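Okay, input-v3.pdb now, which holds PDB, C-alpha atoms, pLDDT in the B column:
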```pdb
ATOM      1  CA  MET A   1     148.645  74.447 131.121  1.00 52.00           C
ATOM      2  CA  ARG A   2     146.723  77.524 130.150  1.00 60.00           C
ATOM      3  CA  LYS A   3     148.109  77.310 126.614  1.00 59.00           C
ATOM      4  CA  GLY A   4     146.957  73.698 126.273  1.00 59.00           C
ATOM      5  CA  ALA A   5     143.471  74.594 127.545  1.00 60.00           C
ATOM      6  CA  LEU A   6     143.265  77.472 125.069  1.00 60.00           C
ATOM      7  CA  ILE A   7     144.216  75.186 122.169  1.00 62.00           C
ATOM      8  CA  LEU A   8     141.643  72.620 123.299  1.00 61.00           C
ATOM      9  CA  LEU A   9     138.924  75.268 123.509  1.00 62.00           C
ATOM     10  CA  THR A  10     139.829  76.573 120.040  1.00 63.00           C
ATOM     11  CA  LEU A  11     139.644  73.082 118.548  1.00 58.00           C
ATOM     12  CA  LEU A  12     136.308  72.497 120.265  1.00 61.00           C
ATOM     13  CA  LEU A  13     134.827  75.725 118.872  1.00 60.00           C
ATOM     14  CA  LEU A  14     136.176  74.951 115.404  1.00 60.00           C
ATOM     15  CA  SER A  15     134.681  71.461 115.530  1.00 55.00           C
ATOM     16  CA  LEU A  16     131.343  72.854 116.666  1.00 53.00           C
ATOM     17  CA  SER A  17     131.377  75.431 113.842  1.00 51.00           C
ATOM     18  CA  ILE A  18     132.150  72.773 111.246  1.00 46.00           C
ATOM     19  CA  SER A  19     129.400  70.510 112.598  1.00 46.00           C
ATOM     20  CA  THR A  20     126.874  73.365 112.515  1.00 45.00           C
ATOM     21  CA  ALA A  21     127.821  74.287 108.934  1.00 42.00           C
ATOM     22  CA  ALA A  22     127.554  70.663 107.857  1.00 45.00           C
ATOM     23  CA  ALA A  23     124.153  70.353 109.529  1.00 45.00           C
ATOM     24  CA  GLN A  24     122.933  73.480 107.779  1.00 45.00           C
ATOM     25  CA  GLU A  25     124.158  72.208 104.420  1.00 58.00           C
ATOM     26  CA  ASP A  26     122.318  68.917 104.955  1.00 76.00           C
ATOM     27  CA  SER A  27     119.103  70.537 106.190  1.00 91.00           C
ATOM     28  CA  VAL A  28     115.866  70.688 104.196  1.00 95.00           C
ATOM     29  CA  THR A  29     113.717  73.766 104.752  1.00 95.00           C
ATOM     30  CA  LEU A  30     109.995  73.733 104.019  1.00 96.00           C
ATOM     31  CA  ARG A  31     108.088  76.982 103.405  1.00 96.00           C
ATOM     32  CA  LEU A  32     104.433  77.655 102.694  1.00 95.00           C
ATOM     33  CA  SER A  33     103.230  80.359 100.306  1.00 94.00           C
ATOM     34  CA  ARG A  34      99.708  81.499  99.430  1.00 94.00           C
ATOM     35  CA  ASP A  35      98.776  81.405  95.736  1.00 95.00           C
ATOM     36  CA  PHE A  36      95.101  82.320  96.107  1.00 94.00           C
ATOM     37  CA  GLY A  37      92.889  82.394  99.151  1.00 91.00           C
ATOM     38  CA  SER A  38      92.720  83.724 102.679  1.00 90.00           C
ATOM     39  CA  GLY A  39      95.138  83.751 105.541  1.00 90.00           C
ATOM     40  CA  PHE A  40      94.236  84.738 109.082  1.00 90.00           C
ATOM     41  CA  GLY A  41      97.440  84.062 110.978  1.00 89.00           C
ATOM     42  CA  ALA A  42      97.701  80.283 111.344  1.00 93.00           C
ATOM     43  CA  ARG A  43      94.224  79.800 109.811  1.00 94.00           C
ATOM     44  CA  ILE A  44      94.221  79.418 106.032  1.00 95.00           C
ATOM     45  CA  GLN A  45      91.851  78.608 103.168  1.00 95.00           C
ATOM     46  CA  GLY A  46      92.433  78.376  99.434  1.00 95.00           C
ATOM     47  CA  THR A  47      95.315  77.377  97.149  1.00 96.00           C
ATOM     48  CA  PHE A  48      98.815  77.195  98.647  1.00 96.00           C
ATOM     49  CA  SER A  49     102.226  75.876  97.627  1.00 96.00           C
ATOM     50  CA  PHE A  50     104.995  73.979  99.392  1.00 96.00           C
ATOM     51  CA  ARG A  51     108.477  75.271  98.601  1.00 96.00           C
ATOM     52  CA  VAL A  52     111.645  73.429  99.626  1.00 96.00           C
ATOM     53  CA  THR A  53     115.312  74.347  99.682  1.00 94.00           C
ATOM     54  CA  GLY A  54     118.092  71.906 100.553  1.00 93.00           C
ATOM     55  CA  PRO A  55     121.633  70.696  99.784  1.00 93.00           C
ATOM     56  CA  ASP A  56     123.060  70.764  96.275  1.00 90.00           C
ATOM     57  CA  ASP A  57     122.888  66.970  95.918  1.00 92.00           C
ATOM     58  CA  LEU A  58     119.124  66.936  96.500  1.00 94.00           C
ATOM     59  CA  VAL A  59     117.394  64.986  93.701  1.00 95.00           C
ATOM     60  CA  LYS A  60     113.841  64.596  94.949  1.00 95.00           C
ATOM     61  CA  VAL A  61     111.459  65.970  97.554  1.00 96.00           C
ATOM     62  CA  ILE A  62     108.492  64.107  99.006  1.00 96.00           C
ATOM     63  CA  PHE A  63     105.706  66.241 100.470  1.00 97.00           C
ATOM     64  CA  LEU A  64     103.527  65.103 103.349  1.00 97.00           C
ATOM     65  CA  ILE A  65     100.400  66.267 105.145  1.00 97.00           C
ATOM     66  CA  ASP A  66      99.716  64.530 108.452  1.00 96.00           C
ATOM     67  CA  ASP A  67     102.536  62.060 107.641  1.00 94.00           C
ATOM     68  CA  GLU A  68     100.792  60.978 104.425  1.00 95.00           C
ATOM     69  CA  THR A  69     102.471  61.527 101.062  1.00 96.00           C
ATOM     70  CA  VAL A  70     100.568  64.042  98.929  1.00 95.00           C
ATOM     71  CA  GLY A  71     103.088  64.404  96.083  1.00 95.00           C
ATOM     72  CA  GLU A  72     106.712  64.736  95.093  1.00 95.00           C
ATOM     73  CA  ASP A  73     108.923  66.820  92.836  1.00 95.00           C
ATOM     74  CA  SER A  74     112.207  65.806  91.182  1.00 94.00           C
ATOM     75  CA  ASP A  75     113.052  69.150  89.570  1.00 93.00           C
ATOM     76  CA  ALA A  76     114.446  72.186  91.367  1.00 90.00           C
ATOM     77  CA  PRO A  77     113.042  74.481  92.554  1.00 92.00           C
ATOM     78  CA  TYR A  78     111.068  71.899  94.491  1.00 95.00           C
ATOM     79  CA  ARG A  79     107.429  72.881  94.757  1.00 96.00           C
ATOM     80  CA  LEU A  80     103.973  71.355  95.150  1.00 96.00           C
ATOM     81  CA  GLN A  81     100.618  73.116  94.988  1.00 96.00           C
ATOM     82  CA  PHE A  82      97.582  71.985  96.985  1.00 96.00           C
ATOM     83  CA  ARG A  83      94.098  73.164  97.987  1.00 96.00           C
ATOM     84  CA  THR A  84      92.954  73.220 101.582  1.00 95.00           C
ATOM     85  CA  ASN A  85      89.422  72.221 100.485  1.00 94.00           C
ATOM     86  CA  SER A  86      90.826  68.806  99.580  1.00 94.00           C
ATOM     87  CA  TYR A  87      91.298  68.105 103.288  1.00 95.00           C
ATOM     88  CA  SER A  88      89.015  68.141 106.288  1.00 95.00           C
ATOM     89  CA  PRO A  89      88.795  71.406 108.270  1.00 95.00           C
ATOM     90  CA  GLY A  90      91.088  71.506 111.271  1.00 95.00           C
ATOM     91  CA  VAL A  91      94.760  71.615 112.211  1.00 96.00           C
ATOM     92  CA  HIS A  92      97.143  69.780 109.883  1.00 97.00           C
ATOM     93  CA  ALA A  93     100.893  69.090 110.063  1.00 97.00           C
ATOM     94  CA  MET A  94     102.863  69.638 106.852  1.00 97.00           C
ATOM     95  CA  SER A  95     106.409  68.431 106.204  1.00 96.00           C
ATOM     96  CA  ALA A  96     108.762  67.187 103.496  1.00 96.00           C
ATOM     97  CA  ILE A  97     111.545  64.656 103.015  1.00 96.00           C
ATOM     98  CA  GLY A  98     114.508  65.479 100.811  1.00 95.00           C
ATOM     99  CA  VAL A  99     116.259  62.601  99.010  1.00 95.00           C
ATOM    100  CA  THR A 100     119.911  63.088  98.046  1.00 94.00           C
ATOM    101  CA  ALA A 101     121.847  61.551  95.179  1.00 93.00           C
ATOM    102  CA  ASP A 102     123.422  58.951  97.476  1.00 93.00           C
ATOM    103  CA  GLY A 103     119.990  57.866  98.781  1.00 92.00           C
ATOM    104  CA  ARG A 104     119.967  59.738 102.079  1.00 93.00           C
ATOM    105  CA  GLU A 105     116.574  60.982 103.317  1.00 94.00           C
ATOM    106  CA  ILE A 106     116.596  64.333 105.123  1.00 95.00           C
ATOM    107  CA  PRO A 107     113.406  65.366 106.971  1.00 95.00           C
ATOM    108  CA  SER A 108     112.347  68.992 106.916  1.00 95.00           C
ATOM    109  CA  ASN A 109     110.813  71.192 109.547  1.00 96.00           C
ATOM    110  CA  GLN A 110     107.086  70.890 110.266  1.00 96.00           C
ATOM    111  CA  ILE A 111     104.474  73.574 109.622  1.00 96.00           C
ATOM    112  CA  HIS A 112     101.129  73.512 111.440  1.00 97.00           C
ATOM    113  CA  ARG A 113      98.120  75.341 110.018  1.00 96.00           C
ATOM    114  CA  GLU A 114      94.380  75.197 110.550  1.00 96.00           C
ATOM    115  CA  PHE A 115      92.483  74.570 107.307  1.00 96.00           C
ATOM    116  CA  LEU A 116      89.203  76.497 107.168  1.00 95.00           C
ATOM    117  CA  SER A 117      86.060  75.602 105.274  1.00 92.00           C
ATOM    118  CA  ASP A 118      84.672  78.049 102.700  1.00 89.00           C
ATOM    119  CA  SER A 119      81.839  79.078 105.021  1.00 90.00           C
ATOM    120  CA  GLU A 120      84.170  79.665 107.978  1.00 91.00           C
ATOM    121  CA  SER A 121      86.576  81.685 105.853  1.00 88.00           C
ATOM    122  CA  SER A 122      83.687  83.802 104.521  1.00 88.00           C
ATOM    123  CA  ARG A 123      82.363  84.355 108.037  1.00 91.00           C
ATOM    124  CA  ILE A 124      85.751  85.549 109.312  1.00 89.00           C
ATOM    125  CA  THR A 125      86.173  87.801 106.264  1.00 87.00           C
ATOM    126  CA  ILE A 126      82.737  89.374 106.852  1.00 90.00           C
ATOM    127  CA  ILE A 127      83.556  89.961 110.526  1.00 90.00           C
ATOM    128  CA  ILE A 128      86.866  91.624 109.663  1.00 88.00           C
ATOM    129  CA  LEU A 129      85.330  93.824 106.935  1.00 88.00           C
ATOM    130  CA  SER A 130      82.396  94.760 109.165  1.00 89.00           C
ATOM    131  CA  SER A 131      84.717  95.711 111.996  1.00 88.00           C
ATOM    132  CA  LEU A 132      86.832  97.758 109.602  1.00 86.00           C
ATOM    133  CA  ALA A 133      83.706  99.528 108.275  1.00 86.00           C
ATOM    134  CA  VAL A 134      82.580 100.346 111.809  1.00 86.00           C
ATOM    135  CA  VAL A 135      85.993 101.812 112.619  1.00 84.00           C
ATOM    136  CA  ILE A 136      86.024 103.910 109.412  1.00 81.00           C
ATOM    137  CA  VAL A 137      82.454 105.188 109.833  1.00 78.00           C
ATOM    138  CA  GLY A 138      82.994 105.862 113.524  1.00 78.00           C
ATOM    139  CA  GLY A 139      86.241 107.680 112.809  1.00 72.00           C
ATOM    140  CA  TYR A 140      84.576 109.802 110.112  1.00 67.00           C
ATOM    141  CA  ALA A 141      81.711 110.636 112.447  1.00 70.00           C
ATOM    142  CA  LEU A 142      84.095 111.597 115.244  1.00 70.00           C
ATOM    143  CA  VAL A 143      86.279 113.731 112.993  1.00 62.00           C
ATOM    144  CA  ASN A 144      83.210 115.381 111.477  1.00 61.00           C
ATOM    145  CA  TRP A 145      81.840 116.138 114.934  1.00 63.00           C
ATOM    146  CA  ILE A 146      85.150 117.639 116.050  1.00 59.00           C
ATOM    147  CA  ALA A 147      85.426 119.667 112.859  1.00 54.00           C
ATOM    148  CA  SER A 148      81.845 120.955 112.983  1.00 55.00           C
ATOM    149  CA  ARG A 149      81.343 121.726 116.641  1.00 55.00           C
ATOM    150  CA  GLY A 150      81.303 125.321 117.700  1.00 48.00           C
ATOM    151  CA  GLN A 151      82.971 126.628 120.815  1.00 43.00           C
ATOM    152  CA  LYS A 152      81.727 129.670 122.677  1.00 42.00           C
ATOM    153  CA  SER A 153      84.319 132.296 123.464  1.00 42.00           C
ATOM    154  CA  GLY A 154      83.278 135.678 124.879  1.00 39.00           C
ATOM    155  CA  GLY A 155      79.714 135.252 123.576  1.00 39.00           C
ATOM    156  CA  THR A 156      80.862 134.847 119.974  1.00 42.00           C
ATOM    157  CA  ALA A 157      80.858 131.508 118.170  1.00 50.00           C
ATOM    158  CA  THR A 158      84.309 130.469 117.049  1.00 58.00           C
ATOM    159  CA  VAL A 159      85.048 127.928 114.345  1.00 68.00           C
ATOM    160  CA  SER A 160      87.287 124.991 115.208  1.00 65.00           C
ATOM    161  CA  GLY A 161      88.258 122.055 113.059  1.00 69.00           C
ATOM    162  CA  LEU A 162      91.125 119.799 112.081  1.00 74.00           C
ATOM    163  CA  LEU A 163      91.428 121.547 108.694  1.00 80.00           C
ATOM    164  CA  GLY A 164      90.639 125.030 109.916  1.00 83.00           C
ATOM    165  CA  GLY A 165      87.695 127.100 108.760  1.00 87.00           C
ATOM    166  CA  THR A 166      86.373 129.111 105.845  1.00 90.00           C
ATOM    167  CA  ILE A 167      83.647 131.602 104.998  1.00 90.00           C
ATOM    168  CA  CYS A 168      80.790 130.507 102.755  1.00 91.00           C
ATOM    169  CA  PRO A 169      80.728 132.619  99.553  1.00 90.00           C
ATOM    170  CA  ASN A 170      76.955 132.170  99.394  1.00 88.00           C
ATOM    171  CA  CYS A 171      75.701 133.076 102.880  1.00 86.00           C
ATOM    172  CA  GLY A 172      78.794 134.705 104.352  1.00 86.00           C
ATOM    173  CA  ARG A 173      78.828 132.552 107.478  1.00 88.00           C
ATOM    174  CA  PRO A 174      82.012 130.921 108.782  1.00 90.00           C
ATOM    175  CA  TYR A 175      82.221 127.168 109.300  1.00 88.00           C
ATOM    176  CA  ALA A 176      84.783 124.424 109.847  1.00 87.00           C
ATOM    177  CA  LEU A 177      86.111 122.708 106.739  1.00 86.00           C
ATOM    178  CA  HIS A 178      84.999 119.099 106.433  1.00 83.00           C
ATOM    179  CA  ILE A 179      87.631 116.413 106.123  1.00 78.00           C
ATOM    180  CA  TRP A 180      85.611 114.631 103.422  1.00 77.00           C
ATOM    181  CA  GLY A 181      85.608 117.659 101.090  1.00 78.00           C
ATOM    182  CA  PRO A 182      87.667 116.851  97.947  1.00 85.00           C
ATOM    183  CA  ARG A 183      90.687 119.057  97.340  1.00 83.00           C
ATOM    184  CA  LEU A 184      90.892 120.737  93.925  1.00 84.00           C
ATOM    185  CA  MET A 185      94.209 122.510  93.402  1.00 83.00           C
ATOM    186  CA  LEU A 186      94.373 125.254  96.056  1.00 82.00           C
ATOM    187  CA  ASN A 187      90.646 125.079  96.827  1.00 88.00           C
ATOM    188  CA  ARG A 188      88.403 122.518  98.464  1.00 88.00           C
ATOM    189  CA  LEU A 189      84.895 121.618  97.311  1.00 90.00           C
ATOM    190  CA  ASP A 190      82.856 121.782 100.488  1.00 90.00           C
ATOM    191  CA  ARG A 191      79.224 122.075 101.585  1.00 88.00           C
ATOM    192  CA  CYS A 192      78.197 124.901 103.875  1.00 89.00           C
ATOM    193  CA  PRO A 193      76.260 123.497 106.875  1.00 86.00           C
ATOM    194  CA  HIS A 194      74.259 126.753 107.112  1.00 83.00           C
ATOM    195  CA  CYS A 195      72.866 127.291 103.599  1.00 86.00           C
ATOM    196  CA  GLY A 196      73.569 123.820 102.194  1.00 86.00           C
ATOM    197  CA  LYS A 197      75.399 125.099  99.094  1.00 88.00           C
ATOM    198  CA  TRP A 198      78.447 123.391  97.594  1.00 91.00           C
ATOM    199  CA  LYS A 199      81.215 125.909  96.873  1.00 88.00           C
ATOM    200  CA  LEU A 200      84.930 126.037  96.136  1.00 91.00           C
ATOM    201  CA  VAL A 201      86.464 127.505  99.278  1.00 91.00           C
ATOM    202  CA  ARG A 202      89.824 128.088 100.886  1.00 89.00           C
ATOM    203  CA  ARG A 203      91.012 128.030 104.432  1.00 89.00           C
ATOM    204  CA  VAL A 204      91.019 131.519 105.943  1.00 88.00           C
ATOM    205  CA  PRO A 205      92.866 132.868 109.003  1.00 89.00           C
ATOM    206  CA  PRO A 206      91.165 132.572 112.411  1.00 86.00           C
ATOM    207  CA  GLN A 207      90.920 136.377 112.671  1.00 86.00           C
ATOM    208  CA  MET A 208      88.786 136.538 109.519  1.00 87.00           C
ATOM    209  CA  LEU A 209      86.583 133.750 110.843  1.00 84.00           C
ATOM    210  CA  GLN A 210      86.132 135.616 114.110  1.00 84.00           C
ATOM    211  CA  GLU A 211      85.280 138.868 112.338  1.00 84.00           C
ATOM    212  CA  ALA A 212      82.782 137.118 110.061  1.00 83.00           C
ATOM    213  CA  ALA A 213      81.128 135.420 113.042  1.00 80.00           C
ATOM    214  CA  GLU A 214      80.913 138.686 114.982  1.00 80.00           C
ATOM    215  CA  ALA A 215      79.545 140.566 111.966  1.00 80.00           C
ATOM    216  CA  PHE A 216      76.926 137.923 111.368  1.00 75.00           C
ATOM    217  CA  GLU A 217      75.835 137.834 115.025  1.00 71.00           C
ATOM    218  CA  THR A 218      75.721 141.634 115.213  1.00 69.00           C
ATOM    219  CA  LYS A 219      73.613 141.879 112.081  1.00 64.00           C
ATOM    220  CA  GLY A 220      71.357 139.064 113.187  1.00 55.00           C
ATOM    221  CA  SER A 221      70.805 140.459 116.706  1.00 51.00           C
ATOM    222  CA  SER A 222      69.798 143.860 115.296  1.00 51.00           C
ATOM    223  CA  GLY A 223      66.762 142.287 113.659  1.00 47.00           C
ATOM    224  CA  ALA A 224      67.946 142.968 110.128  1.00 49.00           C
ATOM    225  CA  VAL A 225      67.349 140.430 107.428  1.00 44.00           C
ATOM    226  CA  ILE A 226      70.596 138.752 106.563  1.00 48.00           C
ATOM    227  CA  ASP A 227      70.992 138.415 102.826  1.00 51.00           C
ATOM    228  CA  PRO A 228      73.666 136.356 101.147  1.00 52.00           C
ATOM    229  CA  PRO A 229      76.465 138.320  99.499  1.00 52.00           C
ATOM    230  CA  LEU A 230      75.852 139.399  95.918  1.00 50.00           C
ATOM    231  CA  SER A 231      77.767 137.966  93.015  1.00 52.00           C
ATOM    232  CA  ASP A 232      79.871 140.287  90.836  1.00 53.00           C
ATOM    233  CA  GLU A 233      77.185 140.297  88.122  1.00 59.00           C
ATOM    234  CA  GLU A 234      74.381 141.075  90.579  1.00 58.00           C
ATOM    235  CA  SER A 235      76.472 143.775  92.259  1.00 53.00           C
ATOM    236  CA  LEU A 236      77.166 145.483  88.898  1.00 56.00           C
ATOM    237  CA  ARG A 237      73.478 145.330  87.943  1.00 62.00           C
ATOM    238  CA  ARG A 238      72.459 146.895  91.243  1.00 58.00           C
ATOM    239  CA  GLN A 239      75.004 149.706  90.797  1.00 56.00           C
ATOM    240  CA  LEU A 240      73.593 150.448  87.323  1.00 58.00           C
ATOM    241  CA  ASP A 241      70.055 150.491  88.704  1.00 59.00           C
ATOM    242  CA  ASP A 242      71.057 152.823  91.548  1.00 54.00           C
ATOM    243  CA  SER A 243      72.860 155.201  89.141  1.00 53.00           C
ATOM    244  CA  ARG A 244      69.555 156.082  87.479  1.00 53.00           C
ATOM    245  CA  PHE A 245      68.369 157.798  90.651  1.00 47.00           C
ATOM    246  CA  THR A 246      71.623 159.633  91.305  1.00 46.00           C
ATOM    247  CA  ASP A 247      71.479 163.395  90.902  1.00 48.00           C
ATOM    248  CA  SER A 248      74.324 164.312  88.569  1.00 45.00           C
ATOM    249  CA  GLY A 249      73.994 168.042  89.503  1.00 43.00           C
TER     250      GLY A 249
END
```
Translate this structure into structure tokens?
Amino acid sequence: MRKGALILLTLLLLSLSISTAAAQEDSVTLRLSRDFGSGFGARIQGTFSFRVTGPDDLVKVIFLIDDETVGEDSDAPYRLQFRTNSYSPGVHAMSAIGVTADGREIPSNQIHREFLSDSESSRITIIILSSLAVVIVGGYALVNWIASRGQKSGGTATVSGLLGGTICPNCGRPYALHIWGPRLMLNRLDRCPHCGKWKLVRRVPPQMLQEAAEAFETKGSSGAVIDPPLSDEESLRRQLDDSRFTDSG
């Protein structure tokens, strides 16, 4: 009894598998591809193409929009191009019918899309681009604020930033590297927020930043005038000038 039931179940599964394979072979599949235009999920505008695949004995495909024939193709691969502007804005149902060599007609799946007008498509595009611009500008502003803010620790300003900090070669003050500074080899072209000069700088260790901040605050609190560091040429010229007043003995 059990053996007979097992055989019956096997035959049933085999029959179901054969039926499924036969159905798949006789099916016509409709796809939609964008050639030029806009696509916002199920909302489209522009030039698109129908593409159909089906059984080997397929000889013709009829394309339909809202159950009305819009064209046909008798050469594989079966394809038809159309423009959404040729139809009224709104939701449309697209389908196809495959015709086999023996005259059978096989309907395809249906695709539903909302056709947009040019003005509506432009409006949605502007909204998306504007939102993207707001996100980018807001993100830059937030990152710049995080990178530039100073934190007080033990009475001495410390530099904090996503990229670390550096010391300005012009004024000698430490500051946080800006994320928008272009990277050039091992250096980064950045603008000092203190003196406003653009310089090629490198990231320096936190200890050096701390020492530079402390030295600057100490010198500033003493009432001394804080001069920017001298260049190599200026330093050499000053040494030559000072040597004239040196007693050689």
For this session: Just the residues within 12 Å of A:Ala96, please, counting all atoms listed in the file, with nothing from its chain fewer than 3 positions along; format it as a ChimeraX atom specification.
Result: /A:27-32,50-54,60-73,78-80,93,99,105-111
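Here atom CA of A:Ser49 is placed at a distance of 25.1 Å from atom CA of A:Ile128.
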For this session: Return the single residue from A:Cys171, A:Leu209, A:Leu58, A:Leu129 that is closest to A:Arg191, with distances computed using all atoms listed in the file.
Result: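 Closest to A:Arg191 of all the choices is A:Cys171.
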Exercise. Between A:Ile44, A:Ile127, A:Val59, A:Ile179, which one has atoms that come closest to A:Thr100, using only C-alpha atoms?
Worked result: A:Val59
For this session: Around the point (98.0, 72.5, 101.9) in the file's coordinates, collect all residues with an atom within 9 Å, using all atoms listed in the file, and return them as an MDAnalysis selection string.
Result: chainID A and resid 32 44:50 65 81:87 92 94 113 115
